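The file coords.txt comes next; it holds compact mmCIF, C-alpha atoms and all ligand atoms.
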# COMPACT_ATOMS: atom_id res chain seq x y z
CA MET P 68 70.57 -131.54 164.81
CA THR P 69 73.99 -131.85 163.25
CA GLN P 70 77.19 -132.08 165.25
CA PRO P 71 79.25 -128.91 165.59
CA ILE P 72 81.49 -128.76 162.54
CA ASP P 73 85.18 -127.93 162.69
CA LEU P 74 85.54 -125.54 159.76
CA ARG P 75 89.29 -126.08 159.83
CA ALA P 76 89.09 -129.84 159.33
CA LEU P 77 85.97 -131.27 157.78
CA ASP P 78 85.55 -134.29 155.55
CA LEU P 79 84.86 -132.54 152.29
CA PHE P 80 84.44 -135.79 150.35
CA ALA P 81 81.73 -136.96 152.73
CA LEU P 82 79.99 -133.59 152.64
CA CYS P 83 79.81 -133.71 148.83
CA ARG P 84 78.83 -137.38 148.63
CA LYS P 85 76.03 -136.93 151.15
CA GLY P 86 74.89 -133.69 149.57
CA GLU P 87 75.20 -131.85 152.86
CA SER P 88 74.87 -128.15 153.31
CA LEU P 89 76.56 -125.90 155.85
CA ALA P 90 75.75 -122.32 156.74
CA GLY P 91 76.98 -119.97 159.39
CA ASP P 92 79.13 -117.00 160.22
CA VAL P 93 82.89 -116.64 160.51
CA ALA P 94 84.51 -113.74 162.32
CA VAL P 95 87.09 -111.59 160.60
CA ARG P 96 89.42 -112.24 163.55
CA ASP P 97 89.56 -115.91 162.50
CA LEU P 98 90.73 -114.96 159.01
CA PRO P 99 94.33 -113.73 159.41
CA ARG P 100 94.80 -112.85 155.74
CA ILE P 101 91.68 -110.67 155.82
CA LEU P 102 92.86 -109.03 159.03
CA ALA P 103 96.12 -108.23 157.23
CA GLU P 104 94.14 -106.46 154.48
CA THR P 105 91.91 -104.59 156.92
CA ALA P 106 92.47 -100.84 157.00
CA ALA P 107 94.50 -99.66 160.00
CA GLN P 108 91.94 -96.91 160.63
CA ALA P 109 88.98 -99.28 160.43
CA PRO P 110 86.54 -99.17 163.35
CA ALA P 111 87.81 -101.06 166.39
CA SER P 112 84.92 -103.47 165.94
CA ALA P 113 86.08 -104.54 162.45
CA PRO P 114 87.66 -107.84 163.63
CA ASP P 115 84.35 -108.75 165.29
CA GLU P 116 82.42 -108.38 162.07
CA THR P 117 81.41 -111.61 160.40
CA PHE P 118 81.01 -113.11 156.98
CA ALA P 119 77.94 -115.23 156.37
CA TYR P 120 78.77 -118.34 154.38
CA THR P 121 77.01 -121.30 152.84
CA ALA P 122 78.69 -124.45 151.55
CA THR P 123 76.63 -127.02 149.71
CA GLY P 124 78.10 -130.27 148.47
CA PHE P 125 76.65 -132.47 145.77
CA MET P 126 77.60 -135.36 143.56
CA ARG P 127 77.03 -136.06 139.91
CA GLU P 128 77.34 -139.44 138.30
CA GLU P 129 77.94 -139.18 134.62
CA ALA P 130 79.64 -140.89 131.75
CA ALA P 131 82.02 -138.88 129.57
CA GLU P 132 80.25 -140.42 126.59
CA PRO P 133 77.51 -143.00 126.12
CA GLY P 134 78.82 -146.42 127.11
CA ALA P 135 81.82 -145.06 129.00
CA PRO P 136 82.18 -145.92 132.68
CA VAL P 137 80.13 -143.72 134.98
CA MET P 138 82.29 -141.21 136.81
CA ARG P 139 81.48 -139.75 140.17
CA ARG P 140 82.16 -136.05 140.29
CA LEU P 141 81.96 -134.06 143.52
CA PHE P 142 81.07 -130.39 143.66
CA LEU P 143 80.88 -127.68 146.27
CA ASP P 144 78.94 -124.43 145.99
CA VAL P 145 80.24 -121.70 148.28
CA THR P 146 78.77 -118.27 148.96
CA VAL P 147 80.28 -115.58 151.18
CA GLN P 148 78.65 -112.32 152.15
CA GLY P 149 79.92 -109.53 154.36
CA ARG P 150 82.25 -106.60 154.10
CA THR P 151 85.90 -105.76 154.42
CA TRP P 152 87.34 -102.47 155.63
CA LEU P 153 89.83 -101.16 153.09
CA ASP P 154 91.77 -97.94 152.60
CA CYS P 155 90.34 -95.84 149.80
CA GLN P 156 93.12 -95.13 147.31
CA ARG P 157 91.66 -91.74 146.44
CA CYS P 158 91.08 -90.13 149.83
CA LEU P 159 92.96 -92.65 152.04
CA ALA P 160 90.03 -92.96 154.43
CA PRO P 161 88.80 -96.42 155.43
CA TYR P 162 85.54 -97.68 153.98
CA ALA P 163 83.59 -100.93 153.98
CA GLU P 164 83.81 -102.86 150.73
CA PRO P 165 80.82 -105.19 150.32
CA ILE P 166 81.64 -108.83 149.66
CA ASP P 167 79.14 -111.08 147.92
CA THR P 168 80.54 -114.16 146.21
CA ALA P 169 79.09 -117.35 144.78
CA THR P 170 81.49 -119.95 143.42
CA ARG P 171 81.17 -123.55 142.24
CA PHE P 172 84.13 -125.83 142.85
CA GLU P 173 84.76 -129.29 141.59
CA VAL P 174 86.34 -131.35 144.36
CA VAL P 175 88.96 -133.84 143.19
CA GLU P 176 90.97 -136.51 144.99
CA SER P 177 94.33 -134.82 145.25
CA GLU P 178 96.49 -131.79 144.46
CA GLU P 179 97.91 -133.73 141.51
CA ALA P 180 94.42 -134.32 140.13
CA ALA P 181 93.57 -130.64 140.66
CA ASP P 182 96.73 -129.58 138.79
CA ALA P 183 95.96 -131.99 135.97
CA ALA P 184 92.34 -130.86 135.60
CA PRO P 185 91.56 -128.97 132.39
CA MET P 186 90.91 -125.26 132.84
CA ASP P 187 87.23 -124.47 133.04
CA ASP P 188 85.81 -120.98 133.22
CA GLU P 189 82.75 -122.06 135.14
CA VAL P 190 84.17 -124.40 137.75
CA ASP P 191 87.29 -123.98 139.88
CA VAL P 192 88.96 -127.27 140.75
CA ILE P 193 90.16 -127.84 144.29
CA ALA P 194 91.75 -130.79 146.02
CA GLY P 195 89.46 -132.33 148.59
CA SER P 196 90.57 -133.71 151.91
CA LYS P 197 89.15 -135.47 154.92
CA HIS P 198 90.52 -132.58 156.96
CA PHE P 199 89.61 -129.76 154.64
CA SER P 200 89.74 -126.16 155.88
CA LEU P 201 86.55 -124.52 154.74
CA LEU P 202 87.73 -121.51 156.73
CA GLU P 203 90.69 -121.04 154.37
CA LEU P 204 88.47 -121.47 151.34
CA ILE P 205 86.12 -118.78 152.66
CA GLU P 206 89.15 -116.57 153.27
CA ASP P 207 90.35 -117.22 149.70
CA GLU P 208 86.94 -116.23 148.37
CA VAL P 209 87.01 -112.92 150.23
CA LEU P 210 90.57 -112.17 149.13
CA LEU P 211 89.69 -112.88 145.49
CA ALA P 212 86.69 -110.57 145.77
CA LEU P 213 88.73 -107.60 146.99
CA PRO P 214 89.11 -104.84 144.40
CA VAL P 215 92.53 -104.22 142.88
CA ALA P 216 92.09 -100.49 143.44
CA PRO P 217 89.81 -99.99 146.46
CA LYS P 218 87.86 -96.73 146.30
CA HIS P 219 84.75 -95.15 147.72
CA ASP P 220 81.99 -94.77 145.15
CA VAL P 221 82.00 -91.13 146.26
CA CYS P 222 84.75 -90.01 148.61
CA PRO P 223 83.28 -88.17 151.61
CA THR P 224 86.21 -85.78 152.00
CA VAL P 225 86.22 -84.85 148.31
CA HIS P 226 82.50 -84.30 148.50
CA GLU P 227 82.90 -82.05 151.54
CA SER P 228 85.59 -79.91 149.90
CA LEU P 229 83.38 -79.41 146.86
CA VAL P 230 80.53 -78.21 149.04
CA THR P 231 82.66 -75.82 151.06
CA GLY P 232 84.84 -74.77 148.12
CA SER P 233 87.92 -75.34 150.27
CA ASP P 234 89.87 -76.74 147.34
CA GLY P 235 89.94 -73.28 145.76
CA GLU P 236 87.32 -73.93 143.09
CA ALA P 237 84.25 -71.77 143.26
CA GLN P 238 81.36 -74.09 143.89
CA PRO P 239 77.79 -73.09 144.43
CA GLU P 240 76.58 -73.67 147.94
CA ALA P 241 74.49 -76.79 148.21
CA GLU P 242 70.91 -75.89 148.84
CA PRO P 243 69.49 -76.95 152.17
CA GLU P 244 67.54 -80.16 151.82
CA GLU P 245 64.23 -78.54 152.76
CA GLU P 246 64.31 -76.07 149.89
CA LYS P 247 64.63 -78.84 147.31
CA ARG P 248 61.36 -80.42 148.38
CA PRO P 249 58.29 -78.64 147.06
CA SER P 250 56.13 -77.56 149.97
CA PRO P 251 52.63 -79.02 150.12
CA PHE P 252 51.29 -75.46 149.78
CA ALA P 253 53.28 -74.86 146.61
CA ALA P 254 51.90 -78.11 145.23
CA LEU P 255 48.38 -76.98 146.11
CA ALA P 256 48.96 -73.62 144.46
CA GLY P 257 50.16 -75.45 141.36
CA LEU P 258 46.94 -77.44 141.25
CA LYS P 259 44.85 -74.29 141.55
CA THR P 260 46.60 -72.38 138.79
CA ARG P 261 46.27 -75.32 136.41
CA HIS P 262 42.48 -74.84 136.25
ZN ZN L 1 87.63 -92.23 149.26
Encoded form (structure tokens):
Amino acid sequence: MTQPIDLRALDLFALCRKGESLAGDVAVRDLPRILAETAAQAPASAPDETFAYTATGFMREEAAEPGAPVMRRLFLDVTVQGRTWLDCQRCLAPYAEPIDTATRFEVVESEEAADAAPMDDEVDVIAGSKHFSLLELIEDEVLLALPVAPKHDVCPTVHESLVTGSDGEAQPEAEPEEEKRPSPFAALAGLKTRH
């Protein structure tokens, strides 16, 4: 079994060189910037909810062109899955926004090297470290995944007012669920009349 890993200070270079893979859960309470985004009216258990993450390092040795010196490039694939409680901008009620990210990073030696790296749509460049905080990277991933304008797909309060007509518009009463389903007897009758 592997040693317990300190997600706040791991040797990212070694992880990539060895092609190691990490997986686990991090609690929202350990992600202060996510806590700050969490809806005030979220369930009391929201800080106890967790994000499942994976982090897989790998190395590629390649030459920029035939005959050129072989370069070692380090990469890290990170996935984060979970949910974040946000305030819906339409009805102001809290709701759980699903988070499901998968990102490939190229790991370079230093901040300077990261700044100097050419922009690439497919790979984000990050500066590695021997005391790298994977926790912060996971937090970054969640923050980047949050919608600019958080909203329910369908707001429950809006839906309710439509059903009851309390917003002043005349709306037909929703039929009780049972009446929408054809009864087995009606289906039988249908079979009989078809012959
Ligand atoms: Zn809403």
- Query: At what distance in Å, to one decimal, does CA of Pro165 in chain P lie from CA of Ala119 in chain P?
  - Reply: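 Rounded to one decimal, the two atoms are 12.1 Å apart.
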- Distance in Å - CA of Ala131 in chain P versus CA of Pro185 in chain P: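 Straight-line distance from CA of Ala131 in chain P to CA of Pro185 in chain P works out to 14.0 Å.
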- Task: Give the answer as one residue: which of P:Gly134, P:Gly195, P:Pro214, P:Pro161 has the shortest atom-to-atom distance to ligand ZN 1 (chain L), using all atoms listed in the file?
- Result: P:Pro161
- Message: Show me which residues are within 9 Å of ligand ZN 1 (chain L) counting all atoms listed in the file, and format the list as a PyMOL selection string.
- Response: chain P and resi 154-162+217-225
- Task: Could you give me, as a VMD selection string, the residues within 7 Å of Phe80 in chain P, counting only C-alpha atoms and dropping anything in the same chain fewer than 4 positions from it?
- Result: chain P and resid 84 195 to 197
- Message: Please list as a ChimeraX atom specification every residue within 12 Å of Phe118 in chain P, counting all atoms listed in the file and excluding residues in the same chain fewer than 6 positions away.
- Response: /P:90-98,101,146-151,165-168,202,205-206,208-209
- Message: Just to confirm, what's the straight-line distance from CA of Leu201 in chain P to CA of Lys85 in chain P in Å (one decimal)?
- Response: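 Going from CA of Leu201 in chain P over to CA of Lys85 in chain P covers 16.7 Å.
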- Query: Of the residues P:Ala169, P:Leu102, P:Ala216, P:Ile72, which is the one nearest to Tyr120 in chain P, using all atoms listed in the file?
  - Reply: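 Answer, going by the shortest atom-to-atom distance: P:Ala169.
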- Surrounding residues of Arg75 in chain P excluding itself and chain neighbours under 6 positions, 10 Å, all atoms listed in the file, as a ChimeraX atom specification: /P:198-204
- Query: Residues at most 8 Å from Ile193 in chain P, counting only C-alpha atoms, excluding those fewer than 6 positions away in the same chain, as a ChimeraX atom specification?
  - Reply: /P:172-175,178,181
Using only the atoms of range 104-118 of chain P listed in the file, plus 5 Å on each side, state the axis-aligned box centre and edge lengths in Å rounded to one decimal, as JSON.
{"center_x": 87.8, "center_y": -105.0, "center_z": 160.4, "size_x": 23.5, "size_y": 26.2, "size_z": 21.9}
- Message: Using all atoms listed in the file, can you tell me which of P:Leu89, P:Thr123, P:Glu179, P:Arg140 comes closest to Pro71 in chain P?
- Response: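 Among the listed residues, P:Leu89 lies closest to Pro71 in chain P.
Using all atoms listed in the file, the residues found no farther than 6 Å from Val145 in chain P, other than those of its own chain fewer than 5 positions away, are Thr121, Ala122, Ala169 and Thr170 of chain P.
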Would you mind completing range 105-129 of chain P so that it carries N, CA and C atoms, and writing it out as a compact mmCIF listing (two decimals), in the frame of the given file?
# COMPACT_ATOMS: atom_id res chain seq x y z
N THR P 105 92.85 -105.54 156.32
CA THR P 105 91.91 -104.59 156.92
C THR P 105 92.60 -103.25 157.20
N ALA P 106 91.92 -102.18 156.84
CA ALA P 106 92.47 -100.84 157.00
C ALA P 106 92.86 -100.58 158.45
N ALA P 107 94.02 -99.94 158.64
CA ALA P 107 94.50 -99.66 160.00
C ALA P 107 93.53 -98.74 160.74
N GLN P 108 92.86 -97.86 160.00
CA GLN P 108 91.94 -96.91 160.63
C GLN P 108 90.50 -97.43 160.66
N ALA P 109 90.33 -98.71 160.39
CA ALA P 109 88.98 -99.28 160.43
C ALA P 109 88.43 -99.18 161.85
N PRO P 110 87.11 -99.19 162.01
CA PRO P 110 86.54 -99.17 163.35
C PRO P 110 87.11 -100.31 164.20
N ALA P 111 87.22 -100.06 165.49
CA ALA P 111 87.81 -101.06 166.39
C ALA P 111 87.03 -102.36 166.37
N SER P 112 85.76 -102.28 165.95
CA SER P 112 84.92 -103.47 165.94
C SER P 112 85.12 -104.31 164.68
N ALA P 113 85.95 -103.84 163.74
CA ALA P 113 86.08 -104.54 162.45
C ALA P 113 86.43 -106.03 162.59
N PRO P 114 87.35 -106.40 163.50
CA PRO P 114 87.66 -107.84 163.63
C PRO P 114 86.49 -108.68 164.13
N ASP P 115 85.52 -108.02 164.78
CA ASP P 115 84.35 -108.75 165.29
C ASP P 115 83.28 -108.93 164.23
N GLU P 116 83.41 -108.22 163.12
CA GLU P 116 82.42 -108.38 162.07
C GLU P 116 82.52 -109.78 161.48
N THR P 117 81.44 -110.22 160.88
CA THR P 117 81.41 -111.61 160.40
C THR P 117 81.04 -111.67 158.92
N PHE P 118 81.47 -112.76 158.32
CA PHE P 118 81.01 -113.11 156.98
C PHE P 118 80.01 -114.26 157.12
N ALA P 119 78.90 -114.12 156.42
CA ALA P 119 77.94 -115.23 156.37
C ALA P 119 78.34 -116.12 155.20
N TYR P 120 78.38 -117.43 155.45
CA TYR P 120 78.77 -118.34 154.38
C TYR P 120 77.74 -119.45 154.24
N THR P 121 77.70 -120.03 153.05
CA THR P 121 77.01 -121.30 152.84
C THR P 121 77.96 -122.19 152.05
N ALA P 122 77.90 -123.47 152.30
CA ALA P 122 78.69 -124.45 151.55
C ALA P 122 77.81 -125.66 151.32
N THR P 123 77.54 -125.94 150.06
CA THR P 123 76.63 -127.02 149.71
C THR P 123 77.34 -128.01 148.80
N GLY P 124 77.45 -129.24 149.28
CA GLY P 124 78.10 -130.27 148.47
C GLY P 124 77.08 -131.05 147.67
N PHE P 125 77.51 -131.55 146.52
CA PHE P 125 76.65 -132.47 145.77
C PHE P 125 77.51 -133.33 144.86
N MET P 126 76.89 -134.39 144.36
CA MET P 126 77.60 -135.36 143.56
C MET P 126 76.86 -135.56 142.26
N ARG P 127 77.63 -135.73 141.20
CA ARG P 127 77.03 -136.06 139.91
C ARG P 127 77.65 -137.35 139.42
N GLU P 128 76.82 -138.22 138.92
CA GLU P 128 77.34 -139.44 138.30
C GLU P 128 77.07 -139.31 136.82
N GLU P 129 78.13 -139.35 136.05
CA GLU P 129 77.94 -139.18 134.62
C GLU P 129 79.03 -139.91 133.85
